[in-house]
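J.: Quick one: structure below, then a few questions.
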Amino acid sequence: MWRSWGFVVAAALLAIEALLTQKQITLWKDAPALWHHQLYYQPKLILAWANLGTYYHREKDYVRAMGYDQIALYYGHLPGRMAPYEYSTICGVHYNYVSALLTMNRPAEASAAWDAAVRTNCLNILKPGPHDLG
Amino acid sequence: MARFDRRVLLFVIVALTVAVYLPVLRNDWQAGWDDAEAFLFNENFRGLGWANLKWMWTTHRMGAWHPLTWMSLGIDHTVWGMNPVGYHLTNVLLHSASAGLVYIIARRLLGDEGLLSAMVAFAWAWHPLRVESVAWASERKDVLCGFFYLAAVLAYLRDRYWTTLGLFALALLSKPMAVSLPAVLLILDAWRGRLWPPSDYLVPIPTPSGHVVGVTITTYWFSFRRLFAQAPFSLLALLSSLWTYYTVRQVSLMPTLTDLGIRDRILLSIDAIGFYLWKTIWPVPLLPMYQLPGVIYLLAPGYLASYAAVLGITGGAIALRRRYPAFLAAWAASVVILLPVLNLMQNGPQAAADRYTYLSSIPLMLFVGGAIQHWLMKEQR
């Protein structure tokens with residue numbers, strides 16, 4: 001009796017597990033799905049905004065990318081907000097932002113954005129190529 | 001259960017696991033994260049020519065050295081080009097094969113007819129914590145290492161020493177996290193009574209009537225032979241650990257002791273163990289990044305709950321070691337597997353990650369299976 005019920009309960013739990021797993025798989029569908037899921041729970045996570053920005057830079061959707069970059073920079077430059085290991089992330093965002101402005105032929109804004117990157121002491125870690133922000 | 005039925009059950013486990021993970025094939029690359037660096041902007045892994053192989057065996061791009069993982073990705077590229085479907089399919093197949101291995105290992109350790117072991121395999125393979133390892137192409141190293149690691153454990157249970165050593169080497173070449181295997185094998189030996197094997201001695205004792213009676217005395221001597229047999233495994237693990245430390249330091253992913261002190265590392269590690277335990281029980285929500293906070297309040301209620309749970313379970317496992325040795329063995333194995341990725345050796349910005357439970361959750365699931373079996377047998381009596 002107990003044995004049969006036990007297996008029924010176990011089978012039900014396994015079915016729930018499988019359903020949760022399939023739902024979790026859809027969250028890994030692509031970068032926007034994954035990082036919007038993260039932001040639903042942690043809306044101030046710099047890495048999530050930065051990774052969304054990186055994704056749209058690579059998709060060459062610069063306007064949308066710069067929107068995400070600006071939010072990442074906003075949270076990154078709030079006083080006392082940036083953790084030490086987020087420093088390279090922020091510098092990567094600065095770099096992508098400047099690159100996008102240059103690509104869009106907006107040199108004056110790019111120059112101002114570059115100055116902001118210099119003020120953040122990013123020169124020592126910036127290097128050519130798209131930044132992996134993970 | 002007949003041998004044929006066991007094979008059918010094994011096939012069902014692998015096939016159903018493939019079915020559960022089939023939606024992964026619809027997924028794209030994670031182009032905002034590691035997949036870009038690993039695949040989209042990386043020409044070197046594309047193919048299996050001499051130049052590709054040389055690169056695969058010498059690079060530590062993105063931190064660790066895992067040439068076998070790069071080779072498996074090179075094979076994928078040869079077959080699929082840059083279509084992510086093929087890479088995801090390989091991950092799904094490797095994970096499903098590992099589910100089959102968990103089933104066979106469970107059957108060996110639990111000694112049941114097969115159904116309970118199948119439940120253990122399903123519970124592990126279908127758990128949402130596995131998704132990060134399977135659905136993220138960059139985590140090929142996880143599923144490949146997991147497969148060889150489990151195959152090594154199975155070979156060890158079948159007393160195939162050299163096969164175990166070879167599979168361990170393959171696991172290390174897939175992901176250095178496999179360094180825990182020698183310790184896990186020692187725990188297995190201890191649990192199976194092979195570290196202190198019984199030796200019977202017949203002692204003659206003269207009686208007052210002039211007769212001599214024989215009394216058998218059982219002694220338990222520590223088996224140095226078993227310990228020495230672990231030496232090649234430990235040597236490989238040591239070399240892999242040193243090499244990984246060197247390569248990871250090269251890309252500056254490890255904070256210094258000034259950035260993160262020893263006390264904080266220990267407490268964060270205990271918290272991470274509690275976190276993994278909780279997420280195994282209640283896997284909602286699961287996130288790609290559980291980031292270390294900028295300022296860590298190690299006496300916050302969440303941390304305190306973790307410390308209490310982990311220390312309580314550890315104390316309970318030690319106190320009950322004679323009555324339920326499997327409890328201590330499973331807990332110790334789980335923690336040992338986690339050790340290389342706990343915050344003691346902080347590497348990157350994460351406080352924890354779902355993928356780190358890929359192997360560490362198996363001993364706990366086996367223990368739960370064993371506990372259920374123990375209870376069922378008591379019910380029958």
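Letters A, B, ... mark the chains of the structure tokens in the order given; residue numbers begin at 1 per chain; ligand numbers begin at 1, in order shown.
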Would you tabulate, counting only C-alpha atoms, all residues of chain A that have an atom at most 6 Å from an atom of chain B, showing the closest pair of atoms and their distance in Å to one decimal, sorted by chain then ascending number, as JSON lines?
T.:
{"residue": "A:Glu17", "atom": "CA", "partner": "B:His127", "partner_atom": "CA", "distance": 5.6}
{"residue": "A:Ala18", "atom": "CA", "partner": "B:Trp126", "partner_atom": "CA", "distance": 5.4}
{"residue": "A:Thr21", "atom": "CA", "partner": "B:Pro128", "partner_atom": "CA", "distance": 4.3}
{"residue": "A:Lys29", "atom": "CA", "partner": "B:Asn27", "partner_atom": "CA", "distance": 4.3}
{"residue": "A:Asp30", "atom": "CA", "partner": "B:Asp28", "partner_atom": "CA", "distance": 5.3}
{"residue": "A:Ala31", "atom": "CA", "partner": "B:Gln30", "partner_atom": "CA", "distance": 5.3}
{"residue": "A:Gln38", "atom": "CA", "partner": "B:Leu287", "partner_atom": "CA", "distance": 5.9}
{"residue": "A:Asn51", "atom": "CA", "partner": "B:Gly32", "partner_atom": "CA", "distance": 4.9}
{"residue": "A:Thr54", "atom": "CA", "partner": "B:Gly32", "partner_atom": "CA", "distance": 5.4}
{"residue": "A:Tyr55", "atom": "CA", "partner": "B:Gly32", "partner_atom": "CA", "distance": 4.2}
{"residue": "A:Ala83", "atom": "CA", "partner": "B:Gly294", "partner_atom": "CA", "distance": 4.2}
{"residue": "A:Gly134", "atom": "CA", "partner": "B:Trp33", "partner_atom": "CA", "distance": 5.2}
J.: Take the residues from that selection and write them out as a tab-separated table (two decimals), in the first residue's frame, keeping all heavy atoms.
T.:
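File written: again_38.tsv
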chain	number	residue	atom	x	y	z
A	17	GLU	N	9.53	18.11	-11.64
A	17	GLU	CA	10.94	18.42	-11.93
A	17	GLU	C	11.15	18.62	-13.44
A	17	GLU	O	11.77	19.59	-13.87
A	17	GLU	CB	11.81	17.24	-11.48
A	17	GLU	CG	12.88	17.62	-10.51
A	17	GLU	CD	13.88	16.48	-10.30
A	17	GLU	OE1	14.11	15.66	-11.21
A	17	GLU	OE2	14.43	16.44	-9.24
A	18	ALA	N	10.61	17.69	-14.22
A	18	ALA	CA	10.79	17.75	-15.68
A	18	ALA	C	10.16	19.03	-16.24
A	18	ALA	O	10.74	19.68	-17.12
A	18	ALA	CB	10.19	16.52	-16.33
A	21	THR	N	12.27	21.98	-15.38
A	21	THR	CA	13.48	21.96	-16.21
A	21	THR	C	13.18	22.50	-17.61
A	21	THR	O	13.94	23.30	-18.15
A	21	THR	CB	14.03	20.52	-16.28
A	21	THR	OG1	14.58	20.22	-15.01
A	21	THR	CG2	15.10	20.36	-17.33
A	29	LYS	N	17.11	30.43	-23.78
A	29	LYS	CA	16.91	30.44	-25.23
A	29	LYS	C	17.92	31.34	-25.95
A	29	LYS	O	18.53	30.96	-26.93
A	29	LYS	CB	15.49	30.92	-25.53
A	29	LYS	CG	15.10	30.83	-26.98
A	29	LYS	CD	13.65	31.20	-27.15
A	29	LYS	CE	13.21	31.13	-28.60
A	29	LYS	NZ	14.00	31.95	-29.49
A	30	ASP	N	18.08	32.55	-25.43
A	30	ASP	CA	19.06	33.48	-26.00
A	30	ASP	C	19.40	34.53	-24.94
A	30	ASP	O	18.87	34.48	-23.82
A	30	ASP	CB	18.54	34.14	-27.29
A	30	ASP	CG	17.19	34.79	-27.09
A	30	ASP	OD1	16.84	35.10	-25.94
A	30	ASP	OD2	16.47	34.99	-28.08
A	31	ALA	N	20.28	35.45	-25.29
A	31	ALA	CA	20.75	36.42	-24.29
A	31	ALA	C	19.62	37.29	-23.73
A	31	ALA	O	19.53	37.46	-22.51
A	31	ALA	CB	21.86	37.28	-24.89
A	38	GLN	N	17.07	37.38	-15.31
A	38	GLN	CA	17.92	37.78	-14.18
A	38	GLN	C	17.47	39.13	-13.62
A	38	GLN	O	17.37	39.33	-12.41
A	38	GLN	CB	19.38	37.87	-14.65
A	38	GLN	CG	20.36	38.41	-13.62
A	38	GLN	CD	21.02	37.33	-12.79
A	38	GLN	OE1	21.36	36.27	-13.28
A	38	GLN	NE2	21.18	37.58	-11.50
A	51	ASN	N	25.64	42.76	-20.19
A	51	ASN	CA	25.59	41.64	-21.13
A	51	ASN	C	24.52	41.84	-22.19
A	51	ASN	O	24.69	41.45	-23.35
A	51	ASN	CB	25.36	40.33	-20.38
A	51	ASN	CG	26.65	39.80	-19.75
A	51	ASN	OD1	27.70	40.42	-19.91
A	51	ASN	ND2	26.57	38.71	-19.03
A	54	THR	N	26.08	44.20	-24.59
A	54	THR	CA	27.05	43.49	-25.44
A	54	THR	C	26.33	42.71	-26.54
A	54	THR	O	26.75	42.70	-27.70
A	54	THR	CB	27.88	42.51	-24.58
A	54	THR	OG1	28.49	43.25	-23.54
A	54	THR	CG2	28.94	41.82	-25.39
A	55	TYR	N	25.24	42.05	-26.15
A	55	TYR	CA	24.48	41.25	-27.13
A	55	TYR	C	24.00	42.12	-28.28
A	55	TYR	O	24.19	41.78	-29.46
A	55	TYR	CB	23.29	40.58	-26.43
A	55	TYR	CG	22.35	39.91	-27.40
A	55	TYR	CD1	22.67	38.68	-27.97
A	55	TYR	CD2	21.14	40.51	-27.77
A	55	TYR	CE1	21.83	38.07	-28.87
A	55	TYR	CE2	20.29	39.91	-28.67
A	55	TYR	CZ	20.63	38.68	-29.22
A	55	TYR	OH	19.80	38.08	-30.12
A	83	ALA	N	31.06	46.99	-7.10
A	83	ALA	CA	31.96	46.07	-6.40
A	83	ALA	C	33.29	46.02	-7.16
A	83	ALA	O	33.31	46.29	-8.37
A	83	ALA	CB	31.34	44.69	-6.35
A	134	GLY	N	31.33	38.61	-19.40
A	134	GLY	CA	30.95	37.57	-18.44
A	134	GLY	C	32.01	37.41	-17.39
A	134	GLY	O	31.81	36.73	-16.43
J.: So that I can check the secondary structure, give me every residue of region 13-118 of chain A assigned alpha helix (DSSP H) by backbone DSSP, as JSON, numbers by chain.
T.: {"A": [13, 14, 15, 16, 17, 18, 19, 20, 21, 22, 23, 24, 25, 26, 27, 31, 32, 33, 34, 35, 36, 37, 38, 39, 40, 41, 46, 47, 48, 49, 50, 51, 52, 53, 54, 55, 56, 57, 58, 62, 63, 64, 65, 66, 67, 68, 69, 70, 71, 72, 73, 74, 75, 76, 87, 88, 89, 90, 91, 92, 93, 94, 95, 96, 97, 98, 99, 100, 101, 102, 103, 107, 108, 109, 110, 111, 112, 113, 114, 115, 116, 117, 118]}
J.: Give me the residues near Ser72 (chain B) as number ranges by chain, where near means some atom within 10 Å (using only C-alpha atoms) and where sequence neighbours in that chain fewer than 2 positions away do not count.
T.: B: 45, 48, 67-70, 74-78, 87, 90, 140-141, 144, 174
J.: Could you check the closest approach to Tyr56 (chain A) for each of A:Phe7, A:Tyr87, A:Tyr97, A:Trp114 and tell me which residue wins, using only C-alpha atoms?
T.: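 Nearest to Tyr56 (chain A): A:Tyr97.
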J.: Hey, which of B:Asn52, B:Ser96, B:Thr280, B:Thr164 ends up closest to Ala229 (chain B)? Count only C-alpha atoms.
T.: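 Residue with the minimum atom-to-atom distance to Ala229 (chain B): B:Thr164.
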J.: Residues near Val93 (chain A), anyone? I mean within 8 Å using only C-alpha atoms, not counting same-chain ones fewer than 2 positions away, as number ranges by chain.
T.: A: 50, 53-54, 69, 72-73, 89-91, 95-97
